[in-house]
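Asker: My file is input23.cif. It has mmCIF, C-alpha atoms and all ligand atoms:
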data_work
#
loop_
_atom_site.label_atom_id
_atom_site.label_comp_id
_atom_site.auth_asym_id
_atom_site.auth_seq_id
_atom_site.Cartn_x
_atom_site.Cartn_y
_atom_site.Cartn_z
CA MET A 1 -43.28 -65.14 58.28
CA GLN A 2 -43.46 -68.89 57.96
CA HIS A 3 -43.55 -69.74 61.61
CA ARG A 4 -47.01 -68.59 62.60
CA SER A 5 -49.22 -71.50 63.53
CA ALA A 6 -52.72 -72.20 62.19
CA HIS A 7 -51.87 -71.49 58.57
CA ARG A 8 -54.45 -72.82 56.20
CA SER A 9 -53.28 -75.52 53.81
CA LEU A 10 -52.69 -74.63 50.17
CA LEU A 11 -52.78 -77.22 47.40
CA VAL A 12 -51.24 -76.25 44.05
CA ILE A 13 -51.82 -78.15 40.80
CA GLY A 14 -49.98 -77.02 37.70
CA SER A 15 -47.18 -77.47 35.23
CA VAL A 16 -43.52 -77.94 36.07
CA ALA A 17 -41.56 -77.17 32.94
CA LEU A 18 -38.27 -76.50 31.26
CA ASP A 19 -38.53 -73.27 29.27
CA ASP A 20 -36.44 -71.79 26.45
CA ILE A 21 -36.85 -68.05 26.39
CA ASP A 22 -35.83 -65.59 23.71
CA GLY A 23 -35.99 -61.83 24.07
CA PRO A 24 -34.03 -58.60 24.39
CA PHE A 25 -31.74 -60.20 27.00
CA GLY A 26 -30.76 -63.09 24.71
CA PHE A 27 -31.71 -66.72 24.34
CA HIS A 28 -31.85 -68.85 27.50
CA ARG A 29 -32.28 -72.60 27.37
CA ASP A 30 -33.74 -75.13 29.83
CA LEU A 31 -34.81 -72.64 32.47
CA LEU A 32 -37.00 -73.95 35.26
CA GLY A 33 -40.57 -72.87 34.52
CA GLY A 34 -44.17 -74.01 34.72
CA SER A 35 -47.04 -72.50 36.68
CA ALA A 36 -46.58 -74.68 39.77
CA SER A 37 -42.85 -73.81 40.01
CA PHE A 38 -43.61 -70.10 40.39
CA ILE A 39 -46.79 -70.48 42.45
CA ALA A 40 -45.25 -72.82 45.04
CA ARG A 41 -42.07 -70.73 45.47
CA ALA A 42 -44.01 -67.48 45.87
CA ALA A 43 -46.45 -69.06 48.36
CA ALA A 44 -43.73 -70.80 50.38
CA TYR A 45 -42.57 -67.45 51.79
CA PHE A 46 -45.86 -67.19 53.68
CA THR A 47 -46.68 -70.68 54.83
CA ARG A 48 -45.09 -74.09 55.39
CA ASN A 49 -48.38 -75.65 54.42
CA VAL A 50 -48.03 -75.79 50.62
CA SER A 51 -48.21 -79.02 48.65
CA VAL A 52 -47.82 -79.50 44.90
CA VAL A 53 -49.27 -81.98 42.44
CA ALA A 54 -47.46 -82.05 39.10
CA VAL A 55 -45.52 -84.35 36.78
CA VAL A 56 -41.95 -84.22 35.46
CA GLY A 57 -39.96 -86.48 33.13
CA ASP A 58 -36.85 -88.49 33.95
CA ASP A 59 -34.77 -85.69 32.38
CA PHE A 60 -35.83 -83.19 35.07
CA PRO A 61 -32.98 -82.02 37.34
CA ALA A 62 -33.62 -83.29 40.88
CA LYS A 63 -32.10 -80.09 42.32
CA HIS A 64 -35.23 -78.10 41.40
CA ILE A 65 -37.44 -80.40 43.47
CA ASP A 66 -34.90 -80.50 46.32
CA GLU A 67 -34.93 -76.70 46.41
CA LEU A 68 -38.73 -76.63 46.77
CA THR A 69 -38.58 -79.25 49.52
CA GLU A 70 -35.96 -77.15 51.34
CA MET A 71 -38.36 -74.19 51.15
CA GLY A 72 -40.83 -76.32 53.15
CA VAL A 73 -43.07 -77.33 50.24
CA ASP A 74 -44.53 -80.84 50.26
CA THR A 75 -43.27 -82.21 46.91
CA LYS A 76 -44.43 -85.83 47.33
CA GLY A 77 -47.14 -85.15 44.76
CA ILE A 78 -44.62 -84.27 42.02
CA GLU A 79 -44.62 -87.49 40.04
CA ARG A 80 -41.54 -88.48 38.02
CA LYS A 81 -42.41 -90.43 34.89
CA LYS A 82 -40.40 -92.00 32.09
CA GLY A 83 -40.18 -89.49 29.25
CA GLU A 84 -39.53 -85.80 28.70
CA THR A 85 -40.54 -82.93 30.94
CA PHE A 86 -43.06 -80.42 29.53
CA HIS A 87 -41.06 -77.95 27.44
CA TRP A 88 -42.23 -74.48 26.48
CA VAL A 89 -40.44 -72.10 24.09
CA GLY A 90 -41.43 -68.46 24.08
CA ARG A 91 -40.19 -65.18 22.63
CA TYR A 92 -40.70 -61.70 24.08
CA SER A 93 -40.94 -58.49 22.09
CA ASN A 94 -38.13 -55.97 22.60
CA ASP A 95 -40.18 -53.88 25.05
CA LEU A 96 -41.23 -57.11 26.91
CA SER A 97 -44.88 -56.09 26.51
CA SER A 98 -45.91 -59.14 24.49
CA ARG A 99 -44.83 -62.71 23.95
CA GLU A 100 -45.50 -65.50 21.53
CA THR A 101 -45.34 -69.24 22.05
CA LEU A 102 -42.87 -70.72 19.55
CA ASP A 103 -43.19 -74.34 20.63
CA THR A 104 -44.85 -76.52 23.24
CA LYS A 105 -43.70 -80.11 23.78
CA LEU A 106 -46.08 -81.77 26.22
CA GLY A 107 -43.91 -84.82 27.00
CA VAL A 108 -45.14 -86.54 30.18
CA PHE A 109 -47.55 -83.64 30.77
CA GLY A 110 -49.58 -85.01 27.83
CA ASP A 111 -51.13 -87.74 29.96
CA PHE A 112 -50.99 -86.01 33.32
CA ALA A 113 -53.72 -87.38 35.60
CA PRO A 114 -53.49 -85.46 38.89
CA LYS A 115 -53.72 -87.79 41.89
CA ILE A 116 -54.75 -86.07 45.10
CA SER A 117 -53.67 -87.82 48.31
CA PRO A 118 -56.17 -88.18 51.18
CA GLU A 119 -54.28 -85.43 53.05
CA GLN A 120 -54.35 -83.10 50.04
CA ALA A 121 -58.07 -83.76 49.56
CA ASN A 122 -58.61 -81.86 52.82
CA ALA A 123 -56.81 -78.72 51.55
CA GLU A 124 -58.57 -75.53 52.52
CA LEU A 125 -57.18 -73.37 49.72
CA VAL A 126 -56.67 -74.74 46.23
CA LEU A 127 -55.00 -73.16 43.24
CA LEU A 128 -55.66 -74.87 39.94
CA GLY A 129 -52.85 -73.66 37.70
CA ASN A 130 -53.24 -73.43 33.96
CA ILE A 131 -53.88 -77.03 32.86
CA ASP A 132 -56.43 -78.82 30.66
CA PRO A 133 -59.92 -77.90 32.06
CA PRO A 134 -61.11 -81.56 32.42
CA LEU A 135 -58.03 -82.17 34.58
CA GLN A 136 -58.94 -79.16 36.72
CA LEU A 137 -62.41 -80.68 37.08
CA SER A 138 -60.97 -84.09 38.01
CA VAL A 139 -59.04 -82.39 40.83
CA LEU A 140 -62.19 -80.64 42.06
CA GLU A 141 -63.95 -83.98 42.19
CA GLN A 142 -61.24 -85.38 44.48
CA LEU A 143 -61.46 -82.54 47.02
CA LYS A 144 -63.47 -82.69 50.25
CA ARG A 145 -64.61 -79.18 51.11
CA PRO A 146 -62.16 -76.44 50.14
CA ALA A 147 -62.87 -72.94 51.50
CA LEU A 148 -61.47 -71.32 48.37
CA VAL A 149 -60.75 -72.70 44.91
CA ALA A 150 -58.99 -70.38 42.50
CA ALA A 151 -58.21 -71.31 38.91
CA ASP A 152 -56.11 -69.97 36.07
CA THR A 153 -56.54 -70.78 32.41
CA MET A 154 -55.20 -69.62 29.04
CA ASN A 155 -56.28 -68.70 25.50
CA LEU A 156 -55.54 -72.24 24.25
CA TRP A 157 -58.25 -73.77 26.48
CA ILE A 158 -60.69 -70.92 25.92
CA ASN A 159 -60.36 -71.57 22.18
CA ILE A 160 -60.35 -75.36 22.03
CA LYS A 161 -62.08 -76.53 25.24
CA ARG A 162 -64.62 -73.84 25.97
CA ASP A 163 -67.44 -76.17 27.08
CA GLU A 164 -65.17 -78.11 29.44
CA LEU A 165 -63.77 -74.85 30.80
CA LEU A 166 -67.29 -73.58 31.49
CA LYS A 167 -67.95 -76.74 33.54
CA THR A 168 -64.83 -76.02 35.61
CA LEU A 169 -65.78 -72.36 36.01
CA ALA A 170 -69.18 -73.31 37.39
CA ARG A 171 -67.32 -74.88 40.33
CA VAL A 172 -64.53 -72.42 41.15
CA HIS A 173 -64.77 -69.45 43.49
CA THR A 174 -62.16 -67.24 41.82
CA LEU A 175 -60.89 -67.11 38.27
CA MET A 176 -57.48 -65.50 37.73
CA ILE A 177 -56.71 -64.67 34.11
CA ASN A 178 -55.00 -61.97 32.09
CA ASP A 179 -56.84 -59.19 30.27
CA GLU A 180 -56.53 -60.77 26.82
CA GLU A 181 -57.96 -64.05 28.13
CA ALA A 182 -60.81 -62.25 29.92
CA ARG A 183 -61.78 -60.53 26.67
CA LEU A 184 -61.62 -63.82 24.76
CA LEU A 185 -63.62 -65.74 27.36
CA ALA A 186 -66.33 -63.10 27.72
CA GLU A 187 -66.31 -62.09 24.03
CA GLU A 188 -66.31 -58.53 25.29
CA HIS A 189 -63.60 -55.89 24.91
CA ASN A 190 -64.47 -53.70 27.90
CA LEU A 191 -62.91 -55.27 30.99
CA ARG A 192 -65.61 -54.25 33.42
CA ARG A 193 -68.30 -55.74 31.20
CA ALA A 194 -66.13 -58.80 30.54
CA ALA A 195 -65.75 -59.34 34.29
CA ALA A 196 -69.52 -59.04 34.80
CA LYS A 197 -70.08 -61.71 32.13
CA ILE A 198 -67.49 -64.03 33.68
CA LEU A 199 -69.12 -63.66 37.12
CA LYS A 200 -72.31 -65.04 35.54
CA MET A 201 -70.37 -68.18 34.49
CA GLY A 202 -69.98 -69.27 38.12
CA PRO A 203 -67.05 -67.69 39.98
CA SER A 204 -67.94 -65.22 42.75
CA SER A 205 -64.83 -63.20 41.93
CA VAL A 206 -62.54 -62.70 38.97
CA ILE A 207 -59.02 -61.32 39.07
CA ILE A 208 -57.80 -59.82 35.82
CA LYS A 209 -54.00 -59.55 35.57
CA ARG A 210 -52.73 -56.78 33.34
CA GLY A 211 -48.96 -57.08 33.43
CA ASP A 212 -47.29 -53.80 34.37
CA ALA A 213 -50.73 -52.17 34.61
CA GLY A 214 -51.44 -54.22 37.76
CA ALA A 215 -54.43 -56.42 38.56
CA LEU A 216 -58.15 -55.86 39.09
CA LEU A 217 -60.40 -57.83 41.42
CA PHE A 218 -64.07 -57.87 40.46
CA HIS A 219 -66.66 -59.34 42.81
CA GLY A 220 -70.27 -58.80 43.76
CA GLY A 221 -69.24 -55.94 46.01
CA GLY A 222 -67.35 -53.95 43.36
CA VAL A 223 -63.81 -53.64 42.12
CA PHE A 224 -60.36 -53.33 43.72
CA ALA A 225 -57.15 -52.37 41.90
CA ALA A 226 -53.66 -53.52 42.83
CA PRO A 227 -51.00 -51.60 40.92
CA ALA A 228 -47.79 -53.16 39.64
CA LEU A 229 -44.69 -51.62 41.17
CA PRO A 230 -42.81 -49.58 38.54
CA LEU A 231 -39.41 -51.32 38.36
CA SER A 232 -36.15 -50.10 36.88
CA ASP A 233 -34.93 -53.57 35.88
CA VAL A 234 -37.20 -56.12 34.27
CA LYS A 235 -35.51 -59.14 32.67
CA ASP A 236 -38.06 -61.90 32.23
CA PRO A 237 -41.83 -61.52 32.67
CA THR A 238 -42.35 -65.31 32.56
CA GLY A 239 -44.20 -66.48 35.64
CA ALA A 240 -45.30 -63.01 36.77
CA GLY A 241 -48.96 -64.05 36.79
CA ASP A 242 -48.21 -67.30 38.57
CA SER A 243 -46.05 -65.56 41.18
CA PHE A 244 -48.89 -63.09 41.69
CA ALA A 245 -51.28 -66.01 42.25
CA GLY A 246 -48.81 -67.76 44.59
CA GLY A 247 -48.23 -64.62 46.65
CA LEU A 248 -51.97 -63.96 46.89
CA MET A 249 -52.94 -67.51 47.90
CA GLY A 250 -49.87 -67.93 50.15
CA TYR A 251 -50.80 -64.75 52.01
CA LEU A 252 -54.42 -65.96 52.41
CA ALA A 253 -53.12 -69.22 53.88
CA TYR A 254 -50.90 -67.23 56.26
CA ALA A 255 -53.61 -64.75 57.30
CA GLY A 256 -56.10 -67.55 57.95
CA ASP A 257 -59.25 -65.66 56.95
CA LEU A 258 -60.98 -64.69 53.73
CA SER A 259 -62.44 -61.33 54.73
CA PRO A 260 -62.65 -58.63 52.02
CA LYS A 261 -59.91 -56.68 53.85
CA THR A 262 -57.54 -59.67 53.86
CA ILE A 263 -58.26 -60.37 50.19
CA ARG A 264 -57.27 -56.78 49.31
CA THR A 265 -54.00 -57.18 51.22
CA ALA A 266 -53.47 -60.49 49.43
CA MET A 267 -53.90 -58.77 46.04
CA ILE A 268 -51.10 -56.38 46.97
CA MET A 269 -48.95 -59.28 48.17
CA GLY A 270 -49.55 -60.95 44.82
CA SER A 271 -48.29 -57.85 43.08
CA VAL A 272 -45.23 -57.74 45.38
CA MET A 273 -44.28 -61.36 44.52
CA GLY A 274 -44.89 -60.74 40.80
CA SER A 275 -42.50 -57.79 40.99
CA PHE A 276 -39.70 -59.95 42.41
CA ALA A 277 -40.27 -62.65 39.77
CA VAL A 278 -39.78 -60.39 36.73
CA GLU A 279 -36.48 -58.93 37.91
CA GLU A 280 -34.57 -62.13 37.09
CA PHE A 281 -34.87 -65.10 34.74
CA SER A 282 -36.88 -68.19 35.65
CA VAL A 283 -37.55 -68.46 39.40
CA ASP A 284 -34.30 -66.65 40.31
CA GLY A 285 -36.16 -63.50 41.42
CA LEU A 286 -38.05 -65.62 43.97
CA ARG A 287 -34.85 -66.99 45.50
CA GLY A 288 -33.35 -65.74 48.74
CA LEU A 289 -36.18 -63.40 49.71
CA THR A 290 -36.68 -62.57 53.37
CA ALA A 291 -39.58 -61.20 55.40
CA PRO A 292 -37.91 -57.72 55.63
CA LYS A 293 -37.38 -57.62 51.81
CA ILE A 294 -41.01 -58.56 51.19
CA GLN A 295 -42.17 -56.09 53.84
CA GLU A 296 -40.10 -53.30 52.26
CA ARG A 297 -41.74 -53.87 48.88
CA PHE A 298 -45.19 -54.10 50.44
CA ASP A 299 -44.57 -50.73 52.09
CA GLN A 300 -43.48 -49.27 48.73
CA MET A 301 -46.79 -50.43 47.29
CA ALA A 302 -48.69 -48.75 50.13
CA GLU A 303 -46.74 -45.54 49.53
CA LEU A 304 -47.39 -45.76 45.78
CA VAL A 305 -51.15 -45.58 46.19
CA SER A 306 -51.45 -43.56 49.37
CA PHE A 307 -53.39 -40.32 48.98
CA GLU A 308 -55.62 -38.19 51.11
CA SER A 309 -59.38 -38.25 50.88
CA ILE A 310 -60.85 -34.83 50.26
CA ARG A 311 -64.31 -33.40 50.46
CA LEU A 312 -65.25 -30.93 47.74
P1 LIG B 401 -47.03 -66.96 33.08
O1 LIG B 401 -45.90 -66.12 32.57
O2 LIG B 401 -47.40 -66.65 34.51
O3 LIG B 401 -48.21 -66.95 32.18
O4 LIG B 401 -46.52 -68.49 33.11
C1 LIG B 401 -45.48 -68.94 32.30
C2 LIG B 401 -45.27 -70.44 32.48
O5 LIG B 401 -46.38 -71.15 31.93
C3 LIG B 401 -44.03 -70.91 31.73
O6 LIG B 401 -43.01 -71.21 32.67
C4 LIG B 401 -44.49 -72.14 30.94
O7 LIG B 401 -43.70 -73.27 31.19
C5 LIG B 401 -45.91 -72.38 31.40
N1 LIG B 401 -46.79 -72.77 30.29
C6 LIG B 401 -46.79 -72.28 29.02
N2 LIG B 401 -47.72 -72.89 28.26
C7 LIG B 401 -48.35 -73.80 29.08
C8 LIG B 401 -49.41 -74.77 28.89
N3 LIG B 401 -50.01 -74.95 27.70
N4 LIG B 401 -49.78 -75.52 29.96
C9 LIG B 401 -49.18 -75.36 31.15
N5 LIG B 401 -48.18 -74.48 31.39
C10 LIG B 401 -47.75 -73.71 30.38
#
Show me, as structure tokens, the structure contained in the file I just sent.
Answerer:
Amino acid sequence: MQHRSAHRSLLVIGSVALDDIDGPFGFHRDLLGGSASFIARAAAYFTRNVSVVAVVGDDFPAKHIDELTEMGVDTKGIERKKGETFHWVGRYSNDLSSRETLDTKLGVFGDFAPKISPEQANAELVLLGNIDPPLQLSVLEQLKRPALVAADTMNLWINIKRDELLKTLARVHTLMINDEEARLLAEEHNLRRAAAKILKMGPSSVIIKRGDAGALLFHGGGVFAAPALPLSDVKDPTGAGDSFAGGLMGYLAYAGDLSPKTIRTAMIMGSVMGSFAVEEFSVDGLRGLTAPKIQERFDQMAELVSFESIRL
């Protein structure tokens, strides 16, 4: 899928992390994580036009960056600084339906100041991963004229940097968040009402990710639902949302247009890439995929929701 010409360029800004994860499958230390790690890998299956801006410490294994480069991702914007890589520790409940953050060590991520190269400033599609809202804004200020800017955020920023987040939201086209964050941001429990309130904050569309309940796209024209594929083996939900976002934006870069029809297909592709991510720890589920494997899962999604229209 990567060899079609005229792919749009995709710029990804986010965290690159080392994660410790506890849960029903045991305790795993120093796994590769971070929003940009999942987003870039998921997107790289669709286009060779992905570049990443992130920061890692001098403790970060070079092999992880080499692997991304081998996948065709431009990693020149991953800065290596003296100090420790961002480290996140999380624990999942036994049924994997919820998680808590046990520890966050910012390390070099604490004074991350994203620098966008002149080439990256021309990116057509931009995905602002979950980082401090003023940093998201500083990236937006360095861009020329992106066709689509999507942003993620999290409860931490909604709670402690609401005003700054609202400034960012006024300038993004699409907000991608999970259901809990949507409720917190909109101060509204009902998701449809929450989405309507968020659309008034600036974005022209909002995508609400709901774990194994799939994702909803709300925009002026209505709502679209992408289911999550029911899987028999789920090991580690970390990065599901980011892989969804990477699959969606990667597919948009590949398809080259932003029509409502293409965006619906991209939502399904997001769900497909999220499904691969959760089957293994860290980014392992996103390794070694091929166009036929992705196609097979896309077809399963189509089958899952295919039904006949009737006329009563
Ligand atoms: P997701 O499961 O898609 O929400 O993303 C999980 C990833 O987010 C993990 O690999 C973490 O390293 C990363 N992460 C957790 N907390 C933060 C934070 N405060 N800022 C940036 N990235 C984070």
Asker: Do you know which residues are at most 9 Å from His173 in chain A counting only C-alpha atoms, after dropping those on the same chain fewer than 4 positions away, and could you put them as a list in words?
Answerer: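 Close residues of His173 in chain A: Ala147, Leu148, Val149, Ala150, Ala151, Leu169, Gly202, Pro203, Ser204, Ser205 and Val206 of chain A.
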Asker: Selected residues, C-alpha atoms, written as an mmCIF file, in the coordinates of the input, please.
Answerer:
data_model
loop_
_atom_site.group_PDB
_atom_site.id
_atom_site.type_symbol
_atom_site.label_atom_id
_atom_site.label_comp_id
_atom_site.auth_asym_id
_atom_site.auth_seq_id
_atom_site.Cartn_x
_atom_site.Cartn_y
_atom_site.Cartn_z
ATOM 1 C CA ALA A 147 -62.870 -72.940 51.500
ATOM 2 C CA LEU A 148 -61.470 -71.320 48.370
ATOM 3 C CA VAL A 149 -60.750 -72.700 44.910
ATOM 4 C CA ALA A 150 -58.990 -70.380 42.500
ATOM 5 C CA ALA A 151 -58.210 -71.310 38.910
ATOM 6 C CA LEU A 169 -65.780 -72.360 36.010
ATOM 7 C CA GLY A 202 -69.980 -69.270 38.120
ATOM 8 C CA PRO A 203 -67.050 -67.690 39.980
ATOM 9 C CA SER A 204 -67.940 -65.220 42.750
ATOM 10 C CA SER A 205 -64.830 -63.200 41.930
ATOM 11 C CA VAL A 206 -62.540 -62.700 38.970
#
Asker: Taking all listed atoms of ligand LIG 401 (chain B), build the axis-aligned box, pad each of the six sides by 8 Å, then write its centre and edge lengths in Å to one decimal as JSON.
Answerer:
{"center_x": -46.5, "center_y": -70.8, "center_z": 31.1, "size_x": 23.0, "size_y": 25.4, "size_z": 22.8}
Asker: Tell me which protein, DNA and RNA residues are within 9 Å of range 211-215 of chain A, counting all atoms listed in the file, leaving out same-chain ones fewer than 6 positions away, and put them as a list in words.
Answerer: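 Within the cut-off, the hits are Ser97, Asn178, Asp179, Phe224, Ala225, Ala226, Pro227, Ala228, Leu229, Pro230, Pro237, Ala240, Gly241, Met267 and Ser271 of chain A.
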Asker: From the list A:Lys82, A:Lys200, A:Lys144, A:His87, which residue is nearest ligand LIG 401 (chain B) when using all atoms listed in the file?
Answerer: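 The closest residue to ligand LIG 401 (chain B) is A:His87.
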Asker: Excluding Phe112 in chain A and residues on its chain fewer than 2 positions from it, collect all residues at most 9 Å away from it, counting all atoms listed in the file, and give them as a list in words.
Answerer: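 Listed by chain and then number, they are Ala54, Val55, Val108, Phe109, Gly110, Pro114 and Leu135 of chain A.
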Asker: Using only C-alpha atoms and all ligand atoms, which residues have at least one atom no more than 10 Å from ligand LIG 401 (chain B)? Output them as a ChimeraX atom specification.
Answerer: /A:14-21,31-39,86-90,99,101,103-106,109-110,129-132,152-157,177-178,209,211,236-245,274,277-278,282-283
Asker: A:Ser93, A:Ser138, A:Thr85, A:Ser9: which is nearest Ile116 in chain A, counting all atoms listed in the file?
Answerer: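 Of A:Ser93, A:Ser138, A:Thr85, A:Ser9, the one nearest Ile116 in chain A is A:Ser138, counting all atoms listed in the file.
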Asker: What is the distance between CA of Asp299 in chain A and CA of Glu180 in chain A, in Å to one decimal?
Answerer: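 The value is 29.7 Å.
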Asker: Considering only C-alpha atoms, can you say which of A:Arg171, A:Lys161, A:Arg192, A:Arg48 comes closest to Val73 in chain A?
Answerer: A:Arg48
Asker: Mind pulling up the distance from CA of Met249 in chain A to CA of Phe218 in chain A?
Answerer: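 Here the two named atoms are 16.5 Å from each other.
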Asker: Please measure the separation of CA of Leu165 in chain A and CA of Val12 in chain A, giving the value in Å to one decimal.
Answerer: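 Straight-line distance from CA of Leu165 in chain A to CA of Val12 in chain A works out to 18.3 Å.
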Asker: Between A:Ala170, A:Val223, A:Ala43, A:Pro133, single out the one closest to Ala195 in chain A, counting all atoms listed in the file.
Answerer: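 That would be A:Val223, the residue with the smallest distance to Ala195 in chain A.
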